[in-house]
Amino acid sequence: MSQIQIPHRYSPRGYQLPVWQAFQAGKKRFACVWHRRSGKDKTWLNITAYAMMQRRGIYYYMLPTYNQAKKIIWDGMGKDGIKFREHFPSEVVQKIDETEMQITLTNGSIFQLVGTDKIDRIVGTNPVGCIFSEYSLQKREVWDLIEPILLENGGWASFIFTPRGKNHAFDLWQYATQQDHWFTSLLTIDDTKDEYGNPLFDPADIADIRRRGVDEEVIQQEYYCSFRGALQGAFYSTQMKKAEEEGRIGMFPYDPRYPVETWWDLGQDDAMAVGFLQQINSELRFIDYMEERHRGFPWFAGEMRARGYAYTDQHVAPHDIEVREYSELTRRETAAQHGIHFIVAPKLSLQEGIQAVREKFHRFTFHEPLAGRLIDCLRHYRRKYDEELQEYSKDPVRDQYTHGADMVRNGVMAFDDRGYSRFARRALQEYSDSDFDPMNYEKHGQIIDTSSRILEVETDFDPFSRR
């Protein structure tokens, strides 16, 4: 009987050996941040084939979309001309399902490609091994769904990606590097050589890329695994970079001299996002942010009271605040019952709203400790990429970063032609009334001494001054 060797038609390069050794030593969590074209998928496809022969089970190889899974892995091949599927020896393959992109081995193990944009299709299944390829472009919630399964059945997970800014993949990488039970590996083009000892990328080629005008952030991201680069296709990449350079992201806490307003993006079955900000002269200071799923206005009203801010008497919501909920009341009427009084932002086109945000962005500051999630949303709000046309469209990707970005867009659209929110002047006038109680503090047994703060507001707060 002829012997079958796995890995099949593959020999790991020197820089790929440590992850093989860690896997064979029993590690169950892996984070591999490797530069573009370093062989991430070829390595982990072969590790998966090896694992499938060691333990019978279901193995998912996951990419951001179904189309990517098909093009990159199912129909893909390496520069050696070997198709990725050919790393499964035909002698151990029992069945190939082209429709499901699934390979069943003779021992009963199943390999399947999955697009995590349709993650609901595998909810309730029981994989024992999962690879998250291009994890930086997947949804954060995917791992939240898979992790409990692997914890229960003793399975393993690998996250392989090239950075896309400081998003959820960056958070996972930082966590993993502090954990002894994780294997971590970050490889730049300075760390990788082929089987003959030659660099995978000639330094002269990188120099040529620079001469052609490719953004240095892109070069650092793709070839040197920098997490500092802006996400390609991001709507506000230029604005966020300038905010960082000008020191407008950092410590900008709540100032009790000025009222707090909130901007909202509404969700029912989806997440609801609330931004807390103060207009201090020309500055729009985002002091706080919250985002929750499956919560109604009673819960959000309680959270607002718990924060202890002094609010304006009206808040900004998008046009769908007028939609009726399951009761006879509109969302706006329901919110008002809980002390949250909304004005409705004008309904502009998506592109008009995005441009309006860009025009106001120079006024934004962010209190990073409490508004960090909002900062992530604005960094990673990006355009869809058309794989056939090889270009970015005008439409945004709908993902975990959408709600925060939409919230900012809704709020900015409520500005008047003088560059200030439509209710700010009125709020200032009414704020001088010592009985003003926008969130019914007295009803809830909270007493706020506003006298000294009001004096400050009347003398210092100038909404029409500009930088």
# chains A, B, ... in the order shown; residues from 1 in each chain; ligands from 1
>>> residues_around(residues="A:Leu63", least_positions_apart="6", cutoff="12 Å", atoms="only C-alpha atoms", output="count of residues only")
29
>>> residues_around(residues="stretch 84-86 of chain A", least_positions_apart="2", cutoff="10 Å", atoms="only C-alpha atoms", output="PyMOL selection string")
chain A and resi 8-9+41-42+45-46+49+72-78+81-82+88-90+96+103
>>> select_by_dssp(residues="stretch 45-233 of chain A", states="strand (DSSP E or B)", output="VMD selection string")
chain A and resid 58 to 63 77 83 93 to 97 102 to 105 110 to 115 127 to 133 156 to 161 182 to 187 193 199
>>> write_last_selection(atoms="C-alpha atoms", output="mmCIF file, in the first residue's frame")
data_model
loop_
_atom_site.group_PDB
_atom_site.id
_atom_site.type_symbol
_atom_site.label_atom_id
_atom_site.label_comp_id
_atom_site.auth_asym_id
_atom_site.auth_seq_id
_atom_site.Cartn_x
_atom_site.Cartn_y
_atom_site.Cartn_z
ATOM 1 C CA ILE A 58 -15.956 20.028 10.787
ATOM 2 C CA TYR A 59 -13.421 22.672 9.775
ATOM 3 C CA TYR A 60 -14.411 26.128 8.547
ATOM 4 C CA TYR A 61 -12.173 28.314 6.440
ATOM 5 C CA MET A 62 -13.750 31.760 6.660
ATOM 6 C CA LEU A 63 -13.266 34.867 4.558
ATOM 7 C CA MET A 77 -3.758 28.643 -6.778
ATOM 8 C CA LYS A 83 -4.471 24.777 -6.812
ATOM 9 C CA VAL A 93 -10.995 12.771 -0.544
ATOM 10 C CA GLN A 94 -14.366 11.044 -0.519
ATOM 11 C CA LYS A 95 -16.547 13.801 -1.938
ATOM 12 C CA ILE A 96 -16.283 17.337 -3.339
ATOM 13 C CA ASP A 97 -19.375 19.540 -3.301
ATOM 14 C CA GLN A 102 -17.089 21.569 0.749
ATOM 15 C CA ILE A 103 -14.613 18.673 0.815
ATOM 16 C CA THR A 104 -15.368 15.477 2.738
ATOM 17 C CA LEU A 105 -12.484 13.165 3.578
ATOM 18 C CA ILE A 110 -15.427 18.052 6.474
ATOM 19 C CA PHE A 111 -13.683 21.143 5.131
ATOM 20 C CA GLN A 112 -15.936 24.033 4.127
ATOM 21 C CA LEU A 113 -15.405 27.558 2.906
ATOM 22 C CA VAL A 114 -17.611 30.194 4.511
ATOM 23 C CA GLY A 115 -18.286 33.849 3.763
ATOM 24 C CA PRO A 127 -16.789 23.145 14.027
ATOM 25 C CA VAL A 128 -13.615 21.982 15.780
ATOM 26 C CA GLY A 129 -11.239 24.152 13.763
ATOM 27 C CA CYS A 130 -11.735 27.653 12.281
ATOM 28 C CA ILE A 131 -9.502 29.891 10.216
ATOM 29 C CA PHE A 132 -10.458 33.569 9.993
ATOM 30 C CA SER A 133 -8.647 34.695 6.845
ATOM 31 C CA TRP A 156 -8.834 25.686 17.742
ATOM 32 C CA ALA A 157 -8.976 29.012 15.905
ATOM 33 C CA SER A 158 -6.529 30.950 13.776
ATOM 34 C CA PHE A 159 -6.714 34.606 12.776
ATOM 35 C CA ILE A 160 -4.599 35.467 9.748
ATOM 36 C CA PHE A 161 -4.547 38.946 8.302
ATOM 37 C CA TRP A 182 -1.853 32.181 22.188
ATOM 38 C CA PHE A 183 0.701 31.807 19.409
ATOM 39 C CA THR A 184 1.466 35.163 17.799
ATOM 40 C CA SER A 185 3.565 36.026 14.786
ATOM 41 C CA LEU A 186 4.094 39.340 12.998
ATOM 42 C CA LEU A 187 6.162 39.138 9.822
ATOM 43 C CA LYS A 193 12.745 34.597 2.597
ATOM 44 C CA PRO A 199 13.773 38.007 0.051
#
>>> closest_residue(among="A:Pro396, A:Pro318, A:Pro253, A:Gly296", to="A:Thr365", atoms="only C-alpha atoms")
A:Pro253
>>> select_by_dssp(residues="stretch 26-98 of chain A", states="helix (DSSP H, G or I)", output="number ranges by chain")
A: 40-54, 66-74, 84-87, 90-92
>>> closest_residue(among="A:Gln3, A:Ser11, A:Thr177, A:Thr334", to="A:Asp80", atoms="only C-alpha atoms")
A:Ser11
>>> residues_around(residues="A:Ser237", least_positions_apart="3", cutoff="9 Å", atoms="only C-alpha atoms", output="MDAnalysis selection string")
chainID A and resid 230:234 240:242 378:382
>>> write_last_selection(atoms="N, CA, C and O atoms", output="PDB file, in the first residue's frame")
ATOM      1  N   ALA A 230      -4.124  54.239   7.307  1.00  0.00           N
ATOM      2  CA  ALA A 230      -5.554  54.452   7.117  1.00  0.00           C
ATOM      3  C   ALA A 230      -6.132  53.318   6.281  1.00  0.00           C
ATOM      4  O   ALA A 230      -5.472  52.761   5.408  1.00  0.00           O
ATOM      5  N   LEU A 231      -7.366  52.988   6.562  1.00  0.00           N
ATOM      6  CA  LEU A 231      -8.041  51.933   5.830  1.00  0.00           C
ATOM      7  C   LEU A 231      -8.348  52.409   4.418  1.00  0.00           C
ATOM      8  O   LEU A 231      -8.929  53.480   4.215  1.00  0.00           O
ATOM      9  N   GLN A 232      -7.962  51.623   3.428  1.00  0.00           N
ATOM     10  CA  GLN A 232      -8.243  51.981   2.046  1.00  0.00           C
ATOM     11  C   GLN A 232      -9.742  52.049   1.812  1.00  0.00           C
ATOM     12  O   GLN A 232     -10.498  51.181   2.223  1.00  0.00           O
ATOM     13  N   GLY A 233     -10.169  53.110   1.144  1.00  0.00           N
ATOM     14  CA  GLY A 233     -11.584  53.281   0.874  1.00  0.00           C
ATOM     15  C   GLY A 233     -12.344  53.958   1.995  1.00  0.00           C
ATOM     16  O   GLY A 233     -13.552  54.170   1.879  1.00  0.00           O
ATOM     17  N   ALA A 234     -11.651  54.311   3.097  1.00  0.00           N
ATOM     18  CA  ALA A 234     -12.335  54.949   4.233  1.00  0.00           C
ATOM     19  C   ALA A 234     -12.788  56.357   3.847  1.00  0.00           C
ATOM     20  O   ALA A 234     -12.044  57.116   3.222  1.00  0.00           O
ATOM     21  N   MET A 240      -9.430  61.973   9.753  1.00  0.00           N
ATOM     22  CA  MET A 240      -8.970  61.328  10.977  1.00  0.00           C
ATOM     23  C   MET A 240      -7.464  61.493  11.155  1.00  0.00           C
ATOM     24  O   MET A 240      -6.973  61.708  12.268  1.00  0.00           O
ATOM     25  N   LYS A 241      -6.737  61.383  10.062  1.00  0.00           N
ATOM     26  CA  LYS A 241      -5.286  61.557  10.138  1.00  0.00           C
ATOM     27  C   LYS A 241      -4.947  62.968  10.617  1.00  0.00           C
ATOM     28  O   LYS A 241      -4.074  63.164  11.477  1.00  0.00           O
ATOM     29  N   LYS A 242      -5.660  63.964  10.102  1.00  0.00           N
ATOM     30  CA  LYS A 242      -5.402  65.342  10.500  1.00  0.00           C
ATOM     31  C   LYS A 242      -5.788  65.564  11.962  1.00  0.00           C
ATOM     32  O   LYS A 242      -5.094  66.284  12.699  1.00  0.00           O
ATOM     33  N   LEU A 378     -15.455  55.967  12.903  1.00  0.00           N
ATOM     34  CA  LEU A 378     -15.115  56.964  11.889  1.00  0.00           C
ATOM     35  C   LEU A 378     -13.869  56.569  11.105  1.00  0.00           C
ATOM     36  O   LEU A 378     -13.747  56.882   9.918  1.00  0.00           O
ATOM     37  N   ARG A 379     -12.949  55.876  11.744  1.00  0.00           N
ATOM     38  CA  ARG A 379     -11.749  55.411  11.035  1.00  0.00           C
ATOM     39  C   ARG A 379     -12.091  54.349   9.987  1.00  0.00           C
ATOM     40  O   ARG A 379     -11.475  54.287   8.925  1.00  0.00           O
ATOM     41  N   HIS A 380     -13.066  53.517  10.287  1.00  0.00           N
ATOM     42  CA  HIS A 380     -13.290  52.325   9.477  1.00  0.00           C
ATOM     43  C   HIS A 380     -14.576  52.344   8.656  1.00  0.00           C
ATOM     44  O   HIS A 380     -14.937  51.344   8.050  1.00  0.00           O
ATOM     45  N   TYR A 381     -15.236  53.487   8.632  1.00  0.00           N
ATOM     46  CA  TYR A 381     -16.409  53.652   7.774  1.00  0.00           C
ATOM     47  C   TYR A 381     -15.898  53.796   6.342  1.00  0.00           C
ATOM     48  O   TYR A 381     -15.219  54.766   6.012  1.00  0.00           O
ATOM     49  N   ARG A 382     -16.192  52.841   5.506  1.00  0.00           N
ATOM     50  CA  ARG A 382     -15.518  52.775   4.216  1.00  0.00           C
ATOM     51  C   ARG A 382     -16.468  52.433   3.073  1.00  0.00           C
ATOM     52  O   ARG A 382     -17.581  51.967   3.272  1.00  0.00           O
TER      53      ARG A 382
END
>>> residues_around(residues="A:Ile321", least_positions_apart="4", cutoff="9 Å", atoms="only C-alpha atoms", output="mmCIF file with C-alpha atoms, in the first residue's frame")
data_model
loop_
_atom_site.group_PDB
_atom_site.id
_atom_site.type_symbol
_atom_site.label_atom_id
_atom_site.label_comp_id
_atom_site.auth_asym_id
_atom_site.auth_seq_id
_atom_site.Cartn_x
_atom_site.Cartn_y
_atom_site.Cartn_z
ATOM 1 C CA LEU A 266 -31.723 54.567 15.489
ATOM 2 C CA ALA A 317 -32.451 61.984 15.427
ATOM 3 C CA THR A 330 -44.120 57.001 16.887
ATOM 4 C CA ARG A 331 -40.581 56.510 18.099
ATOM 5 C CA ARG A 332 -40.402 60.224 18.704
ATOM 6 C CA GLU A 333 -43.476 60.103 20.948
ATOM 7 C CA PHE A 342 -35.932 65.004 19.469
ATOM 8 C CA VAL A 344 -35.445 65.619 13.185
#
>>> residues_around(residues="A:Met304", least_positions_apart="2", cutoff="12 Å", atoms="only C-alpha atoms", output="PyMOL selection string")
chain A and resi 260-262+274-276+288-290+297-302+306-311+315+338-340+438-441
>>> atom_distance(atom1="atom CA of A:Thr162", atom2="atom CA of A:Gln21")
21.8 Å
